[in-house]
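S.K.: I'd like to ask some things about the structure below.
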Amino acid sequence: MRRSLVYGVAGAAFGLALVLTLAGVGDDPDALTNPQALVLGLVQGLTELLPISSSGHLILVPWLADWTYLKQNDRFNQTFDVALHLGTLVAVGAYFWGDIVRLVSAWVGSIRRRSIRSADERVAWFVLVATIPAGVVGLLGEDAIADSLGEPWQIAILLAAGAGLLWFADRAPQERAMGDLGMRHAVAMGLAQALALAPGVSRSGITITAGRLMRLDRDAAARFSFLLLLPTVLGALLLKGVGDVLLGDLPNGWQGPFLVGTLASLASGLLAIDWLLGYVRRHTYDVFVWYRLLAATIIGLLILSGVRAATF
Amino acid sequence: MVAAVQGFVAASLLIWWAASDFWEGAGEPDVYYVLPLLAVILLDALVILRAMTRMRPIGRGTGG
């Protein structure tokens, strides 16, 4: 996707979200407000694609701002989550459209021939295999994860733990491209991705960490992470979207926040992809290590000082 | 030194885990939640310091 197009689409999406917010379109004072949805959408797009945990930040921001509506209205929270992820899915799908078409046709070709020959065919199968563990763990453990993880103090620990892992992994040499990896690596990547169901781990963080441990170069590790997002998030969206949005009744006051949140997450998601791919060509992932450690420390201090409770 | 810090961190986490019931019984003071975070941050500091030390060995290659 051309850079001017990325910035054009991101600007248009953000502009529309801002206009809807300022005009109060579909705003329901008894539900999540449009300004809150705008902030959460921007946070989702940035944090889903940068290795700093979107699910963690979507809990931490309301915790910091004392926005209790989503916490108290789980049904709204679940469906709003679908809307936010739709924005980032569209961002990744649009940015990598050329790669997606190439990989899907390579995958279809390898099925027809019943053999894997080219690097694209290997990558396509890799993405598919690496999606399975996260799908299985997500399906079987979704309720347990929601019940026992996701408190701010737990998110802080996982942010800090992920920081050390990313630092360690990013010291590995950059020797491999995406097509050099095998099925053994795909399974390992899939298992790593399954860990990201815990808020604070970060899906992109743990897959980039796994990629760097497999000695992928920094650009390839980021690209791989973004490609892995597509089937994982698409599967979760279809599952939740059909169950909660199409078959269930949409909660009151959904129109404004859903539209604003989706557009904002599309805008910030596009910018995050473009910035990260440009950044890691010249830099290490250290900035995200420091951010994660800083965020974890601030959360710890807020809890210790009594400004915010450890649970939310 | 490194082994001692690693042992300290592991022991801290173990004690914290083992004492969970006690903390819960005591009404979960905030320090209960922050102790494991402190241990993990210490571990991170150790990992980062070790990597930095390996990257730039003291006393080598600094002279003109």
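Following the order of the structure tokens, first chain is A, next is B, and so on, with residues numbered from 1 inside each chain and ligands from 1 in the order they appear.
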Hey, which bits of chain A sit within 7 Å of chain B, and for each residue what's the closest pair of atoms and how far apart in Å (one decimal), counting only C-alpha atoms, rows by chain and increasing number, as a tab-separated table?
M.R.:
residue	atom	partner	partner_atom	distance
A:Trp153	CA	B:Tyr33	CA	6.0
A:Ala156	CA	B:Leu37	CA	6.8
A:Ile157	CA	B:Leu37	CA	4.9
A:Ala160	CA	B:Ile41	CA	6.0
A:Ala161	CA	B:Val40	CA	6.1
A:Gly164	CA	B:Asp44	CA	4.7
A:Gly300	CA	B:Val34	CA	5.8
A:Ile303	CA	B:Asp30	CA	6.4
A:Leu304	CA	B:Asp30	CA	5.8
A:Ala310	CA	B:Asp30	CA	6.7
S.K.: Would you save the residues from that selection as a PDB file, in the first residue's frame, using C-alpha atoms?
M.R.:
ATOM      1  CA  TRP A 153      -1.718  -5.782  38.594  1.00  0.00           C
ATOM      2  CA  ALA A 156       1.658  -4.963  34.797  1.00  0.00           C
ATOM      3  CA  ILE A 157       3.477  -8.234  35.548  1.00  0.00           C
ATOM      4  CA  ALA A 160       7.246  -6.399  32.464  1.00  0.00           C
ATOM      5  CA  ALA A 161       7.804 -10.093  31.736  1.00  0.00           C
ATOM      6  CA  GLY A 164      12.559  -8.851  29.339  1.00  0.00           C
ATOM      7  CA  GLY A 300       2.832  -0.563  40.348  1.00  0.00           C
ATOM      8  CA  ILE A 303      -1.378   0.712  43.117  1.00  0.00           C
ATOM      9  CA  LEU A 304       1.144   1.157  45.928  1.00  0.00           C
ATOM     10  CA  ALA A 310      -4.977  -3.248  42.025  1.00  0.00           C
TER      11      ALA A 310
END
S.K.: Residues near Leu159 in chain A, anyone? I mean within 10 Å using only C-alpha atoms, not counting same-chain ones fewer than 5 positions away, as a ChimeraX atom specification.
M.R.: /A:51-53,56,153-154,164,199-202,205,289,291-297 /B:37,40-41
S.K.: Store the residues picked out above in a file with N, CA and C atoms, as a PDB file, in the first residue's frame.
M.R.:
ATOM      1  N   PRO A  51       4.084  -3.825  19.783  1.00  0.00           N
ATOM      2  CA  PRO A  51       4.187  -4.961  20.735  1.00  0.00           C
ATOM      3  C   PRO A  51       4.003  -4.541  22.193  1.00  0.00           C
ATOM      4  N   ILE A  52       2.839  -3.938  22.503  1.00  0.00           N
ATOM      5  CA  ILE A  52       2.646  -3.441  23.867  1.00  0.00           C
ATOM      6  C   ILE A  52       1.302  -3.842  24.471  1.00  0.00           C
ATOM      7  N   SER A  53       0.548  -4.719  23.817  1.00  0.00           N
ATOM      8  CA  SER A  53      -0.705  -5.300  24.340  1.00  0.00           C
ATOM      9  C   SER A  53      -1.931  -4.394  24.224  1.00  0.00           C
ATOM     10  N   GLY A  56      -4.529  -5.424  27.119  1.00  0.00           N
ATOM     11  CA  GLY A  56      -4.090  -4.820  28.376  1.00  0.00           C
ATOM     12  C   GLY A  56      -4.433  -3.341  28.430  1.00  0.00           C
ATOM     13  N   TRP A 153      -2.990  -5.308  38.019  1.00  0.00           N
ATOM     14  CA  TRP A 153      -1.718  -5.782  38.594  1.00  0.00           C
ATOM     15  C   TRP A 153      -1.154  -6.956  37.794  1.00  0.00           C
ATOM     16  N   GLN A 154      -2.039  -7.788  37.242  1.00  0.00           N
ATOM     17  CA  GLN A 154      -1.568  -8.916  36.413  1.00  0.00           C
ATOM     18  C   GLN A 154      -1.035  -8.410  35.076  1.00  0.00           C
ATOM     19  N   GLY A 164      11.293  -8.120  29.200  1.00  0.00           N
ATOM     20  CA  GLY A 164      12.559  -8.851  29.339  1.00  0.00           C
ATOM     21  C   GLY A 164      12.745  -9.867  28.219  1.00  0.00           C
ATOM     22  N   PRO A 199      -4.344 -10.796  28.790  1.00  0.00           N
ATOM     23  CA  PRO A 199      -4.109  -9.358  28.616  1.00  0.00           C
ATOM     24  C   PRO A 199      -2.773  -8.933  29.240  1.00  0.00           C
ATOM     25  N   GLY A 200      -1.993  -8.182  28.480  1.00  0.00           N
ATOM     26  CA  GLY A 200      -0.683  -7.740  28.969  1.00  0.00           C
ATOM     27  C   GLY A 200       0.459  -8.411  28.238  1.00  0.00           C
ATOM     28  N   VAL A 201       0.202  -9.591  27.661  1.00  0.00           N
ATOM     29  CA  VAL A 201       1.272 -10.297  26.947  1.00  0.00           C
ATOM     30  C   VAL A 201       1.562  -9.595  25.626  1.00  0.00           C
ATOM     31  N   SER A 202       0.540  -9.303  24.861  1.00  0.00           N
ATOM     32  CA  SER A 202       0.583  -8.692  23.533  1.00  0.00           C
ATOM     33  C   SER A 202       0.801  -9.739  22.448  1.00  0.00           C
ATOM     34  N   GLY A 205       3.574  -8.578  20.351  1.00  0.00           N
ATOM     35  CA  GLY A 205       4.800  -8.652  21.143  1.00  0.00           C
ATOM     36  C   GLY A 205       5.354 -10.052  21.229  1.00  0.00           C
ATOM     37  N   VAL A 289      10.489  -2.173  24.768  1.00  0.00           N
ATOM     38  CA  VAL A 289      10.923  -2.756  26.042  1.00  0.00           C
ATOM     39  C   VAL A 289      10.830  -1.693  27.133  1.00  0.00           C
ATOM     40  N   TYR A 291       9.110   1.111  27.074  1.00  0.00           N
ATOM     41  CA  TYR A 291       7.723   1.521  27.286  1.00  0.00           C
ATOM     42  C   TYR A 291       7.010   0.539  28.215  1.00  0.00           C
ATOM     43  N   ARG A 292       7.198  -0.754  27.942  1.00  0.00           N
ATOM     44  CA  ARG A 292       6.515  -1.772  28.747  1.00  0.00           C
ATOM     45  C   ARG A 292       6.958  -1.702  30.204  1.00  0.00           C
ATOM     46  N   LEU A 293       8.268  -1.530  30.407  1.00  0.00           N
ATOM     47  CA  LEU A 293       8.789  -1.449  31.778  1.00  0.00           C
ATOM     48  C   LEU A 293       8.281  -0.196  32.488  1.00  0.00           C
ATOM     49  N   LEU A 294       8.242   0.906  31.735  1.00  0.00           N
ATOM     50  CA  LEU A 294       7.756   2.160  32.313  1.00  0.00           C
ATOM     51  C   LEU A 294       6.278   2.035  32.693  1.00  0.00           C
ATOM     52  N   ALA A 295       5.498   1.468  31.776  1.00  0.00           N
ATOM     53  CA  ALA A 295       4.060   1.306  32.044  1.00  0.00           C
ATOM     54  C   ALA A 295       3.850   0.413  33.267  1.00  0.00           C
ATOM     55  N   ALA A 296       4.595  -0.688  33.341  1.00  0.00           N
ATOM     56  CA  ALA A 296       4.461  -1.613  34.475  1.00  0.00           C
ATOM     57  C   ALA A 296       4.829  -0.910  35.783  1.00  0.00           C
ATOM     58  N   THR A 297       5.900  -0.104  35.739  1.00  0.00           N
ATOM     59  CA  THR A 297       6.339   0.608  36.948  1.00  0.00           C
ATOM     60  C   THR A 297       5.285   1.614  37.396  1.00  0.00           C
TER      61      THR A 297
ATOM     62  N   LEU B  37       5.487  -8.062  40.777  1.00  0.00           N
ATOM     63  CA  LEU B  37       5.878  -7.112  39.727  1.00  0.00           C
ATOM     64  C   LEU B  37       7.313  -6.648  39.964  1.00  0.00           C
ATOM     65  N   VAL B  40       9.695  -9.349  38.902  1.00  0.00           N
ATOM     66  CA  VAL B  40       9.839  -9.463  37.443  1.00  0.00           C
ATOM     67  C   VAL B  40      10.682  -8.310  36.900  1.00  0.00           C
ATOM     68  N   ILE B  41      10.461  -7.102  37.424  1.00  0.00           N
ATOM     69  CA  ILE B  41      11.249  -5.954  36.962  1.00  0.00           C
ATOM     70  C   ILE B  41      12.728  -6.152  37.319  1.00  0.00           C
TER      71      ILE B  41
END
S.K.: Just how far from CA of Leu70 in chain A is CA of Gly26 in chain A, in Å to one decimal?
M.R.: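 Separation between CA of Gly26 in chain A and CA of Leu70 in chain A: 17.2 Å.
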S.K.: Mind checking which residues fall within 12 Å of Arg308 in chain A, counting only C-alpha atoms, ignoring those fewer than 5 positions away in the same chain, and posting them as a PDB file with N, CA and C atoms, in the first residue's frame?
M.R.:
ATOM      1  N   LEU A  60      -6.496  -0.988  30.897  1.00  0.00           N
ATOM      2  CA  LEU A  60      -5.762   0.019  31.675  1.00  0.00           C
ATOM      3  C   LEU A  60      -6.295   1.440  31.479  1.00  0.00           C
ATOM      4  N   VAL A  61      -6.688   1.776  30.239  1.00  0.00           N
ATOM      5  CA  VAL A  61      -7.164   3.148  29.986  1.00  0.00           C
ATOM      6  C   VAL A  61      -8.445   3.438  30.779  1.00  0.00           C
ATOM      7  N   PRO A  62      -9.473   2.572  30.708  1.00  0.00           N
ATOM      8  CA  PRO A  62     -10.645   2.823  31.562  1.00  0.00           C
ATOM      9  C   PRO A  62     -10.310   2.782  33.057  1.00  0.00           C
ATOM     10  N   TRP A  63      -9.351   1.950  33.434  1.00  0.00           N
ATOM     11  CA  TRP A  63      -8.920   1.882  34.848  1.00  0.00           C
ATOM     12  C   TRP A  63      -8.316   3.222  35.287  1.00  0.00           C
ATOM     13  N   LEU A  64      -7.459   3.771  34.432  1.00  0.00           N
ATOM     14  CA  LEU A  64      -6.825   5.051  34.757  1.00  0.00           C
ATOM     15  C   LEU A  64      -7.838   6.194  34.760  1.00  0.00           C
ATOM     16  N   ALA A  65      -8.744   6.168  33.750  1.00  0.00           N
ATOM     17  CA  ALA A  65      -9.697   7.276  33.602  1.00  0.00           C
ATOM     18  C   ALA A  65     -10.959   7.080  34.443  1.00  0.00           C
ATOM     19  N   ASP A  66     -11.035   5.920  35.098  1.00  0.00           N
ATOM     20  CA  ASP A  66     -12.203   5.580  35.917  1.00  0.00           C
ATOM     21  C   ASP A  66     -13.491   5.526  35.084  1.00  0.00           C
ATOM     22  N   GLU A 151      -6.656  -8.335  35.388  1.00  0.00           N
ATOM     23  CA  GLU A 151      -6.617  -7.290  36.416  1.00  0.00           C
ATOM     24  C   GLU A 151      -5.379  -6.413  36.166  1.00  0.00           C
ATOM     25  N   PRO A 152      -5.447  -5.124  36.487  1.00  0.00           N
ATOM     26  CA  PRO A 152      -4.299  -4.245  36.228  1.00  0.00           C
ATOM     27  C   PRO A 152      -2.969  -4.746  36.802  1.00  0.00           C
ATOM     28  N   TRP A 153      -2.990  -5.308  38.019  1.00  0.00           N
ATOM     29  CA  TRP A 153      -1.718  -5.782  38.594  1.00  0.00           C
ATOM     30  C   TRP A 153      -1.154  -6.956  37.794  1.00  0.00           C
ATOM     31  N   ILE A 298       4.727   2.353  36.421  1.00  0.00           N
ATOM     32  CA  ILE A 298       3.701   3.351  36.769  1.00  0.00           C
ATOM     33  C   ILE A 298       2.473   2.671  37.389  1.00  0.00           C
ATOM     34  N   ILE A 299       2.077   1.541  36.792  1.00  0.00           N
ATOM     35  CA  ILE A 299       0.920   0.814  37.346  1.00  0.00           C
ATOM     36  C   ILE A 299       1.222   0.393  38.789  1.00  0.00           C
ATOM     37  N   GLY A 300       2.432  -0.147  39.002  1.00  0.00           N
ATOM     38  CA  GLY A 300       2.832  -0.563  40.348  1.00  0.00           C
ATOM     39  C   GLY A 300       2.791   0.602  41.331  1.00  0.00           C
ATOM     40  N   LEU A 301       3.297   1.755  40.912  1.00  0.00           N
ATOM     41  CA  LEU A 301       3.325   2.928  41.803  1.00  0.00           C
ATOM     42  C   LEU A 301       1.906   3.431  42.090  1.00  0.00           C
ATOM     43  N   LEU A 302       1.051   3.408  41.049  1.00  0.00           N
ATOM     44  CA  LEU A 302      -0.333   3.860  41.258  1.00  0.00           C
ATOM     45  C   LEU A 302      -1.047   2.957  42.265  1.00  0.00           C
ATOM     46  N   ILE A 303      -0.747   1.659  42.187  1.00  0.00           N
ATOM     47  CA  ILE A 303      -1.378   0.712  43.117  1.00  0.00           C
ATOM     48  C   ILE A 303      -0.818   0.925  44.528  1.00  0.00           C
TER      49      ILE A 303
ATOM     50  N   ASP B  30      -2.126  -3.805  49.232  1.00  0.00           N
ATOM     51  CA  ASP B  30      -1.665  -3.537  47.874  1.00  0.00           C
ATOM     52  C   ASP B  30      -0.278  -4.086  47.591  1.00  0.00           C
TER      53      ASP B  30
END
S.K.: Using Å and a single decimal, report how far CA of Thr68 in chain A sits from CA of Ala91 in chain A.
M.R.: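 If I compute the distance from CA of Ala91 in chain A to CA of Thr68 in chain A, I get 28.3 Å.
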